[in-house]
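Asker: Sharing a structure below in structure tokens format, with a few things to ask.
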Amino acid sequence: MKVVVLASGGLDSSLLCLLLQNRGYDIKSIFINYGQLAFAREWEACQNAARYLSIDSPLCVDLSDFGAQIKSGLTTTEIDVTNPYLPNRNLLFLVVASSYAVSANISNVAIGLLSSHVFPDQTREFIKSAALALRTSLGVNINVLVPLIGLNKYDVVRLAQHYNFPIHLTYSCHMGNETPCGRCISCLEIESALYALERS
Ligand SMILES: [Zn+2]
């Protein structure tokens, strides 16, 4: 069973690879450079996570002009990093992953969405609609797997620790600096999850 996994080098998608691997999937991970500030560190982390999990080198797709034209706290320092909304980001990811999947004769794609959602393209409803649109557009059955969608960040960090996954290999900050900024939503979620775990 093969699956194309959208991998960003962050904790969620790295754990997603690990869980799918544990379920017996043969993983092809795909990394998308959408012009994010954190591209270089994310890509490095993505490759490190793949090496750790002994999966094939991730495919890197360059769509950096998307972020160059569509401004967001993820793609330019002109907008504060606390405003990371990038329209259609996850739909774009799914379009690329499913296109690759069809070309490689693979019928599963996976994305590491969690239960907590801030944007409309992070919900179960979005995934259901996107999967239908992709099947209609492609004319073949594509399954969109979201095995983390019942979990929050606390659960993800706890699971990563349970599997002794080296969290330090991952990179989740939206700013892209060596030291995580501590201000972006990704930093805040991981910090509060680690804090809660220490107290549990
Ligand atoms: Zn950050």
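We label chains A, B, ... in the order they appear in the structure tokens, count residues from 1 in each chain, and number ligands from 1 in the order shown.
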As number ranges by chain, please: every residue in range 28-173 of chain A that a backbone DSSP assignment puts in strand (DSSP E).

Answerer: A: 28-33, 59-62, 108-110, 143-145

Asker: May I have the residues from that selection written out with C-alpha atoms, as a PDB file, in the first residue's frame?

Answerer:
ATOM      1  CA  LYS A  28       6.495   8.748  -0.720  1.00  0.00           C
ATOM      2  CA  SER A  29       6.784  12.139   0.920  1.00  0.00           C
ATOM      3  CA  ILE A  30       6.373  15.349  -0.973  1.00  0.00           C
ATOM      4  CA  PHE A  31       7.569  18.755   0.243  1.00  0.00           C
ATOM      5  CA  ILE A  32       6.197  21.946  -1.218  1.00  0.00           C
ATOM      6  CA  ASN A  33       8.173  25.148  -1.418  1.00  0.00           C
ATOM      7  CA  LEU A  59      10.280  15.078  -3.488  1.00  0.00           C
ATOM      8  CA  CYS A  60      10.601  18.892  -3.442  1.00  0.00           C
ATOM      9  CA  VAL A  61       8.144  20.804  -5.606  1.00  0.00           C
ATOM     10  CA  ASP A  62       9.004  24.446  -6.239  1.00  0.00           C
ATOM     11  CA  ASN A 108      -3.732   7.530  -1.281  1.00  0.00           C
ATOM     12  CA  VAL A 109      -2.577  10.951  -0.174  1.00  0.00           C
ATOM     13  CA  ALA A 110      -2.190  12.082   3.446  1.00  0.00           C
ATOM     14  CA  ASN A 143      -8.324   8.688  -0.759  1.00  0.00           C
ATOM     15  CA  VAL A 144      -7.364  11.672   1.362  1.00  0.00           C
ATOM     16  CA  LEU A 145      -6.097  10.324   4.679  1.00  0.00           C
TER      17      LEU A 145
END

Asker: Using only C-alpha atoms, determine which residues lie at most 10 Å from range 124-141 of chain A, disregarding the query and same-chain residues fewer than 6 positions distant; provide the list as a VMD selection string.

Answerer: chain A and resid 90 to 91 94 to 95 98 to 99 102 106 to 109 111 113 to 115 117 149 to 150

Asker: Residues at most 10 Å from range 46-56 of chain A, counting only C-alpha atoms, excluding those fewer than 6 positions away in the same chain, as a PyMOL selection string?

Answerer: chain A and resi 7-11+13-15+17-18+21+26-31+40+165-171

Asker: Please identify all protein, DNA and RNA residues within 6 Å of ligand 1, counting only C-alpha atoms and all ligand atoms, and report them as a list in words.

Answerer: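 Using only C-alpha atoms and all ligand atoms, everything at most 6 Å from ligand 1 comes to Cys173, His174, Met175, Pro180, Cys181, Gly182, Arg183, Cys184, Ser186 and Cys187 of chain A.
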
Asker: Please produce an output containing C-alpha atoms for each residue in the selection, written as a short mmCIF file (atom, residue, chain, number, x, y, z; two decimals), in the first residue's frame.

Answerer:
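Produced file selection.cif, reproduced below:
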data_model
loop_
_atom_site.label_atom_id
_atom_site.label_comp_id
_atom_site.auth_asym_id
_atom_site.auth_seq_id
_atom_site.Cartn_x
_atom_site.Cartn_y
_atom_site.Cartn_z
CA CYS A 173 8.34 27.78 13.45
CA HIS A 174 6.88 29.98 10.73
CA MET A 175 9.71 32.53 10.84
CA PRO A 180 12.05 29.38 17.08
CA CYS A 181 10.37 32.79 17.37
CA GLY A 182 8.06 31.89 20.26
CA ARG A 183 5.35 34.16 18.78
CA CYS A 184 3.88 32.33 15.79
CA SER A 186 3.05 26.98 15.67
CA CYS A 187 5.59 27.92 18.36
#

Asker: In Å to one decimal, how far is CA of Tyr34 in chain A from CA of Gly176 in chain A?

Answerer: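 These two atoms are separated by 13.6 Å.
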
Asker: Just checking: using only C-alpha atoms, which residue out of A:Ile185, A:Leu194, A:Ala160, A:Leu6 ends up closest to Asn83 in chain A?

Answerer: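 Among the listed residues, A:Ile185 lies closest to Asn83 in chain A.
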
Asker: Between A:Val4, A:Ile70, A:Ala104, A:Leu86, single out the one closest to Pro58 in chain A, counting only C-alpha atoms.

Answerer: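 When distances to Pro58 in chain A are compared using only C-alpha atoms, the smallest one comes from A:Val4.
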
Asker: With distances taken over only C-alpha atoms, which residue among A:Leu148, A:Glu44, A:Asp12, A:Pro84 lies nearest Thr123 in chain A?

Answerer: A:Leu148

Asker: Compare A:Leu20, A:Ala45, A:Ile190, A:Leu37 by their minimum atom-to-atom distance to Lys71 in chain A, counting only C-alpha atoms, and give me the closest one.

Answerer: A:Leu37

Asker: For Ala196 in chain A, which residue among A:Val157, A:Tyr100, A:Glu178, A:Tyr163 is the nearest when counting only C-alpha atoms?

Answerer: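 Distance minimum relative to Ala196 in chain A lands on A:Val157.
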
Asker: Tell me, in Å to one decimal, how far CA of Gly67 in chain A is from CA of Glu191 in chain A.

Answerer: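 A separation of 26.8 Å between them.
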
Asker: By how many Å are CA of Val96 in chain A and CA of Glu189 in chain A apart?

Answerer: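 Calculated distance between CA of Val96 in chain A and CA of Glu189 in chain A is 27.2 Å.
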
Asker: Could you check the closest approach to Asn152 in chain A for each of A:Trp43, A:Gly112, A:Thr76, A:Asn164 and tell me which residue wins, using only C-alpha atoms?

Answerer: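 Looking at the shortest contact to Asn152 in chain A, the residue is A:Gly112.
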
Asker: Using backbone DSSP assignments, extract all helix (DSSP H, G or I) residues from chain A; output them as a PyMOL selection string.

Answerer: chain A and resi 11-22+39-53+64-69+89-103+120-122+124-138+153-162+167-169+185-198

Asker: Extract, using only C-alpha atoms, all DNA, RNA and protein residues at most 12 Å from Arg199 in chain A, discarding same-chain residues fewer than 6 positions from it, and format them as a list of chain:residue names.

Answerer: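 Residues near the query, excluding close chain neighbours: A:Tyr154, A:Ser192, A:Ala193.
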